[in-house]
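Text of the file coords_4.csv, holding CSV, C-alpha atoms:
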chain,number,residue,atom,x,y,z
A,190,MET,CA,-25.6,81.6,62.4
A,191,ARG,CA,-29.2,82.3,61.8
A,192,TRP,CA,-30.9,85.5,62.9
A,193,GLY,CA,-34.5,84.4,62.6
A,194,LYS,CA,-36.9,83.6,65.3
A,195,ASP,CA,-35.7,81.3,68.2
A,196,ALA,CA,-37.5,78.3,69.6
A,197,LYS,CA,-39.8,80.5,71.6
A,198,GLY,CA,-40.7,82.5,68.6
A,199,ARG,CA,-38.8,85.7,69.5
A,200,SER,CA,-37.3,87.7,66.7
A,201,PRO,CA,-33.8,89.3,66.8
A,202,TRP,CA,-35.5,92.6,67.8
A,203,THR,CA,-37.4,91.2,70.8
A,204,ARG,CA,-34.6,89.1,72.4
A,205,GLY,CA,-31.5,90.3,74.2
A,206,ARG,CA,-33.3,93.1,76.0
A,207,VAL,CA,-31.3,92.6,79.2
A,208,LEU,CA,-28.1,93.0,77.2
A,209,ALA,CA,-29.5,96.1,75.6
A,210,SER,CA,-30.3,97.5,79.0
A,211,LEU,CA,-26.8,96.8,80.2
A,212,ALA,CA,-25.4,98.7,77.2
A,213,VAL,CA,-27.5,101.7,77.9
A,214,LEU,CA,-26.5,101.6,81.6
A,215,THR,CA,-22.8,101.5,80.5
A,216,ALA,CA,-23.3,104.6,78.4
A,217,ALA,CA,-25.1,106.3,81.2
A,218,LEU,CA,-22.4,105.6,83.7
A,219,LEU,CA,-19.7,106.9,81.3
A,220,THR,CA,-21.7,110.1,80.5
A,221,PHE,CA,-23.2,110.9,84.0
A,222,HIS,CA,-20.5,109.4,86.3
A,223,ALA,CA,-20.6,112.6,88.4
A,224,ALA,CA,-24.2,111.8,89.3
A,225,VAL,CA,-23.3,108.5,91.0
A,226,PRO,CA,-23.4,109.5,94.7
A,227,ASN,CA,-20.5,109.1,97.2
A,228,THR,CA,-22.9,108.7,100.1
A,229,VAL,CA,-22.5,105.0,100.2
A,230,GLY,CA,-18.9,103.7,100.1
A,231,ASN,CA,-17.7,106.5,97.9
A,232,LEU,CA,-18.9,104.6,94.9
A,233,GLY,CA,-18.8,107.6,92.7
A,234,SER,CA,-15.1,108.2,93.3
A,235,LEU,CA,-14.4,104.4,92.9
A,236,LEU,CA,-16.1,104.5,89.5
A,237,GLU,CA,-14.2,107.6,88.4
A,238,ALA,CA,-10.9,106.0,89.5
A,239,PHE,CA,-11.2,103.4,86.7
A,240,LEU,CA,-13.6,105.1,84.4
A,241,PRO,CA,-11.8,104.3,81.1
A,242,TRP,CA,-11.9,100.6,81.9
A,243,LEU,CA,-15.7,100.7,81.8
A,244,GLY,CA,-15.2,100.5,78.1
A,245,LEU,CA,-14.3,96.8,78.4
A,246,ALA,CA,-18.1,96.2,78.9
A,247,VAL,CA,-18.5,96.9,75.2
A,248,PRO,CA,-16.6,94.0,73.7
A,249,VAL,CA,-18.0,91.6,76.4
A,250,LEU,CA,-21.6,92.7,75.6
A,251,LEU,CA,-20.9,92.5,71.9
A,252,LEU,CA,-19.8,88.9,72.2
A,253,LEU,CA,-22.9,88.1,74.2
A,254,ALA,CA,-25.2,89.9,71.7
A,255,LEU,CA,-23.7,87.9,68.9
A,256,LEU,CA,-24.2,84.7,70.8
A,257,ARG,CA,-27.7,85.8,71.6
A,258,ARG,CA,-28.3,86.9,68.0
A,259,SER,CA,-29.9,90.1,69.3
A,260,THR,CA,-30.2,92.9,66.9
A,261,THR,CA,-31.6,95.1,69.7
A,262,ALA,CA,-28.5,94.6,71.8
A,263,LEU,CA,-26.2,95.3,68.9
A,264,VAL,CA,-27.9,98.6,68.1
A,265,ALA,CA,-27.9,99.5,71.8
A,266,LEU,CA,-24.2,98.9,72.0
A,267,LEU,CA,-23.6,101.8,69.7
A,268,LEU,CA,-24.4,104.1,72.6
A,269,PRO,CA,-21.5,103.1,74.9
A,270,ALA,CA,-19.1,102.6,72.0
A,271,VAL,CA,-19.7,106.2,70.7
A,272,VAL,CA,-19.6,107.7,74.2
A,273,TRP,CA,-16.3,105.9,75.1
A,274,THR,CA,-14.8,106.9,71.8
A,275,TYR,CA,-15.8,110.5,72.4
A,276,LEU,CA,-14.3,110.6,75.9
A,277,PHE,CA,-11.2,108.5,75.5
A,278,GLY,CA,-10.7,107.5,71.8
A,279,GLY,CA,-8.2,110.3,71.2
A,280,LEU,CA,-6.0,109.0,74.0
A,281,LEU,CA,-5.4,105.8,71.9
A,282,PHE,CA,-3.8,107.9,69.1
A,283,PRO,CA,-2.2,110.9,70.8
A,284,ARG,CA,-1.3,113.9,68.7
A,285,ALA,CA,2.1,115.5,68.9
A,286,GLY,CA,2.1,118.0,71.7
A,287,GLU,CA,3.1,121.6,71.5
A,288,GLU,CA,6.7,122.5,71.8
A,289,ALA,CA,7.7,122.6,75.4
A,290,ASP,CA,10.0,124.9,77.2
A,291,ILE,CA,10.9,122.5,80.0
A,292,THR,CA,10.4,118.9,81.0
A,293,ALA,CA,9.3,117.9,84.5
A,294,ILE,CA,9.3,114.4,86.0
A,295,GLN,CA,7.1,113.1,88.7
A,296,HIS,CA,7.9,109.8,90.4
A,297,ASN,CA,6.9,108.0,93.6
A,298,VAL,CA,10.2,106.1,94.0
A,299,SER,CA,8.8,103.7,96.7
A,300,ASP,CA,10.2,103.4,100.1
A,301,GLU,CA,11.2,99.8,99.3
A,302,ASN,CA,13.2,100.7,96.1
A,303,PRO,CA,16.1,98.4,96.0
A,304,ASP,CA,18.4,100.7,93.9
A,305,PRO,CA,17.8,104.4,94.5
A,306,ALA,CA,21.0,105.4,92.5
A,307,ALA,CA,19.9,103.4,89.4
A,308,THR,CA,16.4,105.0,89.7
A,309,ALA,CA,17.9,108.5,89.8
A,310,LYS,CA,20.1,107.8,86.8
A,311,ALA,CA,17.1,106.5,84.8
A,312,LEU,CA,15.2,109.7,85.5
A,313,MET,CA,18.1,111.9,84.5
A,314,GLU,CA,18.2,110.2,81.1
A,315,ALA,CA,15.0,112.0,80.1
A,316,GLY,CA,16.8,115.3,80.6
A,317,PRO,CA,14.2,117.1,82.8
A,318,GLU,CA,14.7,120.5,84.3
A,319,LEU,CA,12.6,119.5,87.4
A,320,ILE,CA,12.3,116.2,89.2
A,321,ALA,CA,9.8,115.6,92.0
A,322,LEU,CA,10.2,112.5,94.2
A,323,GLU,CA,8.0,110.9,96.9
A,324,GLU,CA,8.5,108.2,99.5
A,325,LEU,CA,12.1,109.3,100.2
A,326,THR,CA,13.5,107.4,103.1
A,327,PRO,CA,16.4,108.5,105.4
A,328,SER,CA,18.6,105.7,104.1
A,329,ALA,CA,17.9,106.3,100.4
A,330,LEU,CA,17.9,110.1,100.4
A,331,PRO,CA,21.8,110.5,100.4
A,332,LEU,CA,21.9,108.2,97.3
A,333,TYR,CA,19.4,110.3,95.4
A,334,GLU,CA,21.3,113.5,96.5
A,335,LYS,CA,24.7,112.2,95.4
A,336,THR,CA,23.5,110.8,92.1
A,337,LEU,CA,21.4,113.9,91.1
A,338,ALA,CA,23.8,116.6,92.4
A,339,PRO,CA,26.0,117.0,89.3
A,340,ALA,CA,23.1,117.7,87.0
A,341,TYR,CA,20.7,119.2,89.6
A,342,PRO,CA,22.6,121.6,91.9
A,343,HIS,CA,19.5,122.9,93.5
A,344,HIS,CA,17.2,120.7,95.6
A,345,ALA,CA,14.8,120.8,98.5
A,346,VAL,CA,13.4,118.1,100.8
A,347,GLU,CA,10.6,118.2,103.3
A,348,GLY,CA,9.7,115.0,105.0
A,349,THR,CA,9.4,112.3,102.4
A,350,VAL,CA,9.1,114.5,99.3
A,351,GLY,CA,11.8,116.2,97.4
A,352,LEU,CA,12.4,118.5,94.4
A,353,TRP,CA,15.5,118.6,92.3
A,354,SER,CA,16.0,121.6,89.9
A,355,LYS,CA,18.4,123.0,87.4
A,356,TYR,CA,17.2,126.4,88.4
A,357,PRO,CA,17.9,128.1,91.8
A,358,LEU,CA,15.2,127.5,94.4
A,359,THR,CA,13.9,130.1,96.8
A,360,ASP,CA,11.4,130.4,99.6
A,361,VAL,CA,11.4,126.7,100.2
A,362,ARG,CA,8.9,125.7,102.9
A,363,LEU,CA,6.9,122.8,104.2
A,364,LEU,CA,3.4,122.5,102.7
A,365,ASP,CA,1.0,121.4,105.4
A,366,ILE,CA,-1.5,119.0,103.8
A,367,ARG,CA,-1.7,116.6,106.8
A,368,PRO,CA,-5.3,115.5,107.6
A,369,LYS,CA,-6.5,116.0,111.2
A,370,GLY,CA,-6.6,112.2,111.8
A,371,ILE,CA,-3.0,111.6,111.0
A,372,GLY,CA,-0.3,112.1,113.7
A,373,GLU,CA,2.6,114.5,113.8
A,374,GLY,CA,5.6,113.8,111.6
A,375,TRP,CA,3.6,113.2,108.5
A,376,ASP,CA,5.2,115.7,106.1
A,377,ARG,CA,4.4,115.0,102.4
A,378,GLY,CA,4.3,118.4,100.8
A,379,LEU,CA,6.6,121.3,99.9
A,380,ARG,CA,6.5,124.6,98.1
A,381,ALA,CA,9.5,126.3,96.4
A,382,GLY,CA,10.1,129.1,94.1
A,383,ALA,CA,12.2,128.4,90.9
A,384,ARG,CA,14.1,131.2,89.2
A,385,THR,CA,13.7,130.3,85.5
A,386,PRO,CA,14.4,132.2,82.3
A,387,TRP,CA,10.6,132.7,82.2
A,388,GLY,CA,10.5,134.4,85.6
A,389,GLU,CA,9.7,133.1,89.0
A,390,ILE,CA,7.6,129.9,89.1
A,391,ALA,CA,6.0,128.4,92.2
A,392,VAL,CA,6.6,124.6,92.3
A,393,TYR,CA,4.6,122.4,94.5
A,394,VAL,CA,5.3,118.7,95.3
A,395,ALA,CA,2.6,116.7,97.1
A,396,HIS,CA,1.9,113.1,98.1
A,397,LEU,CA,-1.7,112.7,99.1
A,398,PRO,CA,-2.8,109.9,101.5
A,399,SER,CA,-3.4,106.4,100.1
A,400,VAL,CA,-6.9,105.1,99.4
A,401,ARG,CA,-8.2,101.7,100.1
A,402,ILE,CA,-10.9,99.4,98.7
A,403,GLY,CA,-12.6,97.3,101.4
A,404,PRO,CA,-15.8,95.9,102.7
A,405,THR,CA,-17.1,99.5,103.4
A,406,GLY,CA,-16.3,100.7,99.9
A,407,PHE,CA,-13.7,103.2,98.6
A,408,ALA,CA,-12.0,104.7,101.7
A,409,SER,CA,-10.7,108.1,100.5
A,410,ASP,CA,-11.5,110.5,103.4
A,411,TYR,CA,-7.9,111.3,104.3
A,412,ARG,CA,-7.0,111.7,100.6
A,413,ASP,CA,-10.0,114.0,100.0
A,414,GLU,CA,-9.2,116.1,103.1
A,415,SER,CA,-5.6,116.5,102.1
A,416,ALA,CA,-6.7,117.5,98.6
A,417,GLY,CA,-8.8,120.2,100.1
A,418,LEU,CA,-5.8,121.6,102.0
A,419,LEU,CA,-3.7,121.5,98.8
A,420,GLY,CA,-6.4,123.3,96.9
A,421,LYS,CA,-6.5,126.1,99.5
A,422,ALA,CA,-2.7,126.5,99.3
A,423,LEU,CA,-2.9,126.7,95.5
A,424,ALA,CA,-5.7,129.3,95.8
A,425,ALA,CA,-3.6,131.4,98.1
A,426,GLU,CA,-0.5,131.2,95.9
A,427,LYS,CA,0.5,134.7,94.7
A,428,THR,CA,2.9,133.7,92.0
A,429,ALA,CA,1.2,133.6,88.7
A,430,LYS,CA,2.9,130.6,87.2
A,431,VAL,CA,2.5,127.4,89.2
A,432,ILE,CA,3.7,123.8,88.5
A,433,LEU,CA,2.3,121.0,90.7
A,434,LEU,CA,3.8,117.6,90.7
A,435,GLY,CA,2.8,114.7,92.9
A,436,ASP,CA,1.2,111.3,93.6
A,437,PHE,CA,-2.4,112.2,94.3
A,438,ASN,CA,-3.7,108.6,94.7
A,439,GLY,CA,-6.5,109.5,92.4
A,440,THR,CA,-7.2,110.2,88.7
A,441,LEU,CA,-8.2,113.5,87.1
A,442,ASP,CA,-11.8,112.2,86.9
A,443,ASP,CA,-12.0,111.5,90.6
A,444,ARG,CA,-14.3,114.2,92.2
A,445,GLY,CA,-12.3,113.9,95.5
A,446,LEU,CA,-9.5,115.8,93.8
A,447,ASP,CA,-11.8,118.6,92.6
A,448,PRO,CA,-10.2,121.2,95.0
A,449,VAL,CA,-7.0,120.6,93.0
A,450,THR,CA,-8.1,119.9,89.5
A,451,SER,CA,-10.5,122.8,89.5
A,452,ARG,CA,-7.5,125.2,90.0
A,453,MET,CA,-4.9,123.5,87.8
A,454,GLU,CA,-4.7,122.1,84.3
A,455,SER,CA,-3.0,119.0,82.9
A,456,SER,CA,-2.6,117.3,79.6
A,457,THR,CA,-5.1,114.6,78.6
A,458,GLY,CA,-3.2,113.7,75.4
A,459,ARG,CA,-2.7,110.1,76.4
A,460,PHE,CA,-3.6,107.6,79.1
A,461,ALA,CA,-0.1,107.4,80.7
A,462,PHE,CA,-1.2,105.0,83.4
A,463,SER,CA,1.4,105.0,86.1
A,464,TRP,CA,0.2,102.5,88.7
A,465,PRO,CA,0.8,99.7,89.5
A,466,GLU,CA,4.1,99.2,87.6
A,467,VAL,CA,3.5,95.6,86.8
A,468,PHE,CA,0.2,96.3,85.0
A,469,PRO,CA,-0.7,100.0,85.1
A,470,VAL,CA,-4.5,100.6,85.2
A,471,SER,CA,-4.6,104.2,86.5
A,472,ARG,CA,-2.7,107.4,86.3
A,473,ILE,CA,-2.5,108.6,89.9
A,474,ASP,CA,0.8,110.5,89.4
A,475,HIS,CA,0.3,114.0,87.9
A,476,VAL,CA,2.1,117.0,86.5
A,477,MET,CA,-0.2,120.1,86.4
A,478,ALA,CA,0.2,123.8,85.8
A,479,ARG,CA,-1.4,127.2,86.2
A,480,ALA,CA,-0.7,130.1,83.8
A,481,ALA,CA,1.3,127.5,81.8
A,482,THR,CA,0.5,124.7,79.5
A,483,VAL,CA,1.2,121.0,80.1
A,484,THR,CA,1.8,120.0,76.5
A,485,ASP,CA,2.1,116.2,76.9
A,486,VAL,CA,2.3,113.5,79.6
A,487,ARG,CA,4.0,110.2,79.1
A,488,THR,CA,5.3,107.3,81.2
A,489,LEU,CA,9.0,106.4,81.4
A,490,PRO,CA,10.4,102.9,81.7
A,491,ALA,CA,10.0,101.1,85.0
A,492,THR,CA,12.5,101.7,87.9
A,493,GLY,CA,12.7,99.9,91.2
A,494,SER,CA,9.3,101.4,92.2
A,495,ASP,CA,5.7,100.1,92.1
A,496,HIS,CA,4.9,103.3,90.1
A,497,LEU,CA,6.0,104.3,86.7
A,498,PRO,CA,7.7,107.7,86.3
A,499,ILE,CA,5.7,110.4,84.6
A,500,ALA,CA,7.3,113.0,82.3
A,501,ALA,CA,5.6,116.1,81.1
A,502,GLY,CA,6.5,118.9,78.7
A,503,ILE,CA,5.5,122.3,80.0
A,504,ARG,CA,5.2,125.5,77.9
A,505,LEU,CA,5.9,128.6,80.0
A,506,ALA,CA,6.2,131.3,77.4
Show me the file's structure as structure tokens.
Amino acid sequence: MRWGKDAKGRSPWTRGRVLASLAVLTAALLTFHAAVPNTVGNLGSLLEAFLPWLGLAVPVLLLLALLRRSTTALVALLLPAVVWTYLFGGLLFPRAGEEADITAIQHNVSDENPDPAATAKALMEAGPELIALEELTPSALPLYEKTLAPAYPHHAVEGTVGLWSKYPLTDVRLLDIRPKGIGEGWDRGLRAGARTPWGEIAVYVAHLPSVRIGPTGFASDYRDESAGLLGKALAAEKTAKVILLGDFNGTLDDRGLDPVTSRMESSTGRFAFSWPEVFPVSRIDHVMARAATVTDVRTLPATGSDHLPIAAGIRLA
């Protein structure tokens, strides 16, 4: 492959300017994604939902730059490559997390799960102290309760979300995160106190509304409104230590979850994509904490759900 002038007399430095521009644009989107407005179709949130995957533009542009024999494009590609590595490179080779005091599992078990008992047994194998479940149905709930009861004598259920605990639960109550446009009977949040060796901990379980991608863009208004309600509840929580588990239908980068993510912390030690189960492309299931440290987040083997379970170590001392 020669890198001299082409038939039109253009050198490797003067051809491939479009590819170079696309490389710079990719780097800009990675760096300044928060500047992409949500005014039209919530494009900013849509970008942030799949932000790490923007890095796929680098190998594609690299191949095109080589075919085009463009030195300019190759040099420009250093920008998105360096930015992506800075933002996400560490997630490819996660470091060992700090020693954890407890393990918590978050799992949307799916209301179409064909074997709830097997799902419950699979989650127990990880030995967590806390298990949060969403999309519990009236028919499946007794199976989860029966299977988990021997190891988790304390549990609470509100609507379609539940919490199983090795520690006694107190002050269990419904967490109202229902957006105004959704009718009565939509109960997808709870708050409970857990009496642990490290003192009383407030544990929240939440399942925020789904988002949709359609002709009008990224529909997340209900999800965003629900996140605002959850954020207010967390801000009002008097207990110092808080653990939040749930299916947020959004990633930590998504600005629609700012009312929650600005008040809580999570581990970014690895990607831990949880959805969809067949080919996970996004982590929309989360374990977060306040006045405690989430030491690591990882996925567990698939169950009968369209989500993968998320397990997280939490340091409370």
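If all atoms listed in the file are the atoms counted, then among A:Ile503, A:Gly279, A:Thr492, A:Thr260 the closest residue to Asp304 in chain A is A:Thr492.
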Compile a residue-level contact table for range 190-281 of chain A against range 433-441 of chain A at a cut-off of 10 Å, reporting for every qualifying residue the shortest atom pair and its distance in Å to one decimal, with all atoms listed in the file counted, rows ordered by chain and ascending number, as JSON lines.
{"residue": "A:Ser234", "atom": "CA", "partner": "A:Gly439", "partner_atom": "CA", "distance": 8.7}
{"residue": "A:Leu235", "atom": "CA", "partner": "A:Gly439", "partner_atom": "CA", "distance": 9.4}
{"residue": "A:Glu237", "atom": "CA", "partner": "A:Thr440", "partner_atom": "CA", "distance": 7.5}
{"residue": "A:Ala238", "atom": "CA", "partner": "A:Thr440", "partner_atom": "CA", "distance": 5.7}
{"residue": "A:Phe239", "atom": "CA", "partner": "A:Thr440", "partner_atom": "CA", "distance": 8.1}
{"residue": "A:Leu240", "atom": "CA", "partner": "A:Thr440", "partner_atom": "CA", "distance": 9.2}
Discussion item. Would you pick out the contacts of Leu358 in chain A at 9 Å or less, using only C-alpha atoms, so that residues sharing its chain but fewer than 6 positions from it are not included, and give the list as number ranges by chain?
Written reply: A: 343-345, 381-384
Worksheet item: So, counting all atoms listed in the file, which residue among A:Ile366, A:Ala461, A:Ala391, A:Ile371 is closest to Gly417 in chain A?
Response: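 Result for the nearest residue to Gly417 in chain A: A:Ile366.
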Worksheet item: In Å, with one decimal, what is the gap from CA of Thr274 in chain A to CA of Gly244 in chain A?
Response: 9.0 Å
Fill in: CA of His396 in chain A to CA of Lys430 in chain A, straight-line distance in Å
20.6 Å
